[in-house]
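Report on the following structure.
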Amino acid sequence: MTQSRRHGTHEVLNQVPPLVGYDVADDPALLSAIRREGCGWAEAELHELGVLAGTAATQELARQANVNKPVLRTHDSRGCRIDEVDFHPSWHQLLRTAVSHGLHATPWADKTPAAHVARAAKFLVWTQAEAGHGCPISMTYACVPALRHSPDLAARYEPLLTSASYDPGLRPPDGKAGLLAGMAMTEKQGGSDVRANTTTAVPAGDGSYLLTGHKWFCSAPMCDLFLVLAQAPEGLTCFLLPRVLPDGSRNAMHIQRLKDKLGNCANASSEVEYDAAVAWPVGEPGRGVRTIINMVSATRLDCVLGSAAAIRQAAVIAASYARLRQAFGAPLIDHPAMTGVIADLSVESEAATTLVIRLAGAADRAARGDAAEAALLRVALPAAKYWICKRTPMVAAEALECLGGNGYVEDYSPMPRLLRDSPLNSIWEGSGNVTALDVLRALTRAPACADALLAEIDLATGDRRVAAAAAGLRKLLTEAQGPDGERHARRLAGQITIALQASLLARHAPAATWDAFSSSRLGASGGANSSPGSLTGPGTPFGSLPDGLDLAAIVARCAVRTG
Ligand SMILES: Cc1cc2nc3c(=O)[nH]c(=O)nc-3n(C[C@H](O)[C@H](O)[C@H](O)COP(=O)(O)OP(=O)(O)OC[C@H]3O[C@@H](n4cnc5c(N)ncnc54)[C@H](O)[C@@H]3O)c2cc1C
């Protein structure tokens, strides 16, 4: 119901009430994807979290956490360094919920098959409440496989990283009920090329090293532990650096200032300096990239999950608004041009969610030793990170516009925050070019990756449109492995993602969604490239779907019940 209330000068008409009181997990694409991955057992908790995420109270926590930005206190009143970040209580409340539901590192301690899928689905649902606090949650999830390169450190800290207790505060990690972890790789002179890091690490003679230098980006500096890259005598090495040393003294990690950012405002991203800070090597000294790459892979999965979540949230808010807002005598959603936009956003959401949960399944099986799934993940994850994270700002901008001018207004809906947050997942953990080049690297170095990828796509080649996409991809794979390969990297990463989404949707999506995806994302011929100048194709603004589709059925996929 839209609101109608008497005012002194006019009646307030046709204003749409806030979208609250709905179950964020009421997402048919997500629910069927987790059942396929053997994770139906997680549905009850997923709905519990979804209902909580959809409450007005949680939305208020999210707003508060973003408007009351974290504040750095470098010194106390007497001039002593304290390097404390003050957060609004809402931030702690959001994190407490995330940790108590095991959205951080818990699946690493859980032998249940598909535990990583359950965690991924919960992350996808809860991050729709607020995206910024997902940063330390993701890093805590991701640090465990890297930490396992040093079994002693893993034995000491893994039980605390996987604990469901949120225990903030500056105390030695060993005595806490639960820990959060961050990572610090990026320096002033460059983040993509970490081998150019200048921070040095000098052996202290007792197994520890003393780190001196800086990091230009260190998000969530209130974490208890950090994985840090530094140049040791053996070469670039991964280190575990605690914020508080075992004897209770502060480690020499000084927070210089917090970044004033476009979005992600609830999360403190900082610049730090190390002045002979104590740290322990993780993995073999000199093999730092090899060690931290395990963390990078896991955070990349969360980048895709976070982006799929933003796409879904944007589509749901836009659809809900368009159902209730009237223009020219009819609900917006009944105007054909708007029906097409909402349907297109819904298709994008279903494609993103279906693929990312398939990748979470691959991550789960890879973690349990499945080599073929590890090979698929190695190539499909950077491809999906490239493509889905790049699609997110386009979706956010289009969905915002469905609310007209109201979409631009901070207190009307979460849309402005969603748009501001939307480019981030594409930048960190490998910006667009870097992840696309990583796809190429995976294919060049490990032939098993191409085999695993094509095997997955070929599961649906009974459908002629998927068969055409697979043929187009095979051609591009050959071209990209030639001398000019880097030039094709982005196209290749995009096409891999589209072909994977096509294969999955052909097998698992309702016919209406699959028809819309194939006729708009695979090009007029049904092949993997949209034809030049075509009005469909993935580069075209949303809402350009061709004729003859069951748009009502597609739009229904992003309808949620409120109240
Ligand atoms: C909000 C936020 C939080 C962050 N938090 C953290 C954190 O906690 N820890 C951390 O370590 N980092 C963090 N980062 C940093 C982030 O990971 C880096 O910004 C990112 O890796 C890119 O590094 P850079 O900024 O130095 O860009 P550069 O490396 O200078 O790259 C600039 C551009 O050039 C492109 N490029 C680079 N190499 C190539 C190439 N070979 N060919 C073609 N193009 C190329 C990149 O894709 C990019 O578009 C954060 C960033 C942001 C915005």
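So you can find residues: chains in the structure tokens are A, B, ... in the order shown, residues in each start at 1, and ligands are numbered from 1 in order.
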
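The contact shell of ligand 1, defined as all polymer residues within 7 Å when only C-alpha atoms and all ligand atoms are used, comprises Gly182, Met183, Ala184, Met185, Thr186, Glu187, Lys188, Gln189, Gly190, Gly191, Ser192, Asp193, Phe217, Cys218, Ser219, Ala220, Lys261, Asn264, Ser269, Leu424, Ile427, Trp428, Glu429, Gly430, Ser431, Gly432, Asn433 and Val434 of chain A.
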
Range 331-397 of chain A residues near range 116-139 of chain A within 6 Å, closest pair each, using only C-alpha atoms, as CSV:
```
residue,atom,partner,partner_atom,distance
A:Ala360,CA,A:Val117,CA,5.3
A:Gly361,CA,A:Val117,CA,5.7
A:Asp364,CA,A:His116,CA,5.2
```

Give the alpha helix (DSSP H) residues of range 274-333 of chain A, as DSSP finds them on the backbone, and put them as an NGL selection string. :A and (288-324)

So that I can see what lies close to His101 in chain A, please list as a list in words the residues with an atom at most 9 Å from it, counting only C-alpha atoms and leaving out residues fewer than 2 positions away in the same chain. Glu45, Leu49, Arg96, Thr97, Ala98, Val99, Leu103, His104, Thr106, Arg119, Lys122 and Ala164 of chain A

Would you kindly return, as a PyMOL selection string, each protein, DNA or RNA residue with an atom no farther than 10 Å from any atom of range 510-521 of chain A, considering only C-alpha atoms and excluding same-chain residues fewer than 5 positions away? chain A and resi 29+343-344+346-348+350-351+465-466+469+495+498-499+501-505+526-530+534-540+542-555+557

Which neighbours of range 205-211 of chain A fall inside 8 Å, counting only C-alpha atoms, when residues of the same chain fewer than 4 positions from it are skipped, and could you give them as a ChimeraX atom specification? /A:199-201,230,274-281

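Of the listed residues A:Asp86, A:Glu60, A:Glu456, A:Glu158, the one whose atoms come nearest to Ala268 in chain A is A:Asp86, with distances taken using only C-alpha atoms.
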
List the neighbours of His254 in chain A out to 12 Å using only C-alpha atoms; skip same-chain residues closer than 2 positions along the sequence, and give me the result as a ChimeraX atom specification. /A:72-75,80-85,212-215,218,221-222,243-244,250-252,256-258,270-277

Spatial neighbours of His149 in chain A, max dist 12 Å, only C-alpha atoms, sep filter under 4 positions, as a ChimeraX atom specification: /A:143-145,153-155,237-240,281-285,287-288,290-295

So, with only C-alpha atoms as the atoms that count, which of A:Tyr22, A:Pro17, A:Ala298, A:Asn66 lies closest to Glu410 in chain A? A:Asn66

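Taking CA of Asp152 in chain A and CA of Asp224 in chain A as the two end points, the separation is 17.6 Å.
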
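Here CA of Ala177 in chain A is placed at a distance of 14.5 Å from CA of Leu95 in chain A.
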
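Each of A:Arg365, A:Lys259, A:Arg378, A:Arg300 was checked against Ala115 in chain A using only C-alpha atoms; the smallest atom-to-atom distance is that of A:Arg365.
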
Name the residues of range 315-419 of chain A that come out as strand (DSSP E) in a backbone DSSP run; write them as a short mmCIF file (atom, residue, chain, number, x, y, z; two decimals) with C-alpha atoms, in the first residue's frame.
```cif
data_model
loop_
_atom_site.label_atom_id
_atom_site.label_comp_id
_atom_site.auth_asym_id
_atom_site.auth_seq_id
_atom_site.Cartn_x
_atom_site.Cartn_y
_atom_site.Cartn_z
CA GLN A 326 2.01 4.80 -10.00
CA ALA A 327 2.74 6.88 -13.09
CA ALA A 330 -0.76 2.53 -13.72
CA PRO A 331 1.91 0.94 -11.50
#
```

Could you check the closest approach to Ala480 in chain A for each of A:Thr461, A:Thr444, A:Thr112, A:Thr497 and tell me which residue wins, using only C-alpha atoms? A:Thr444
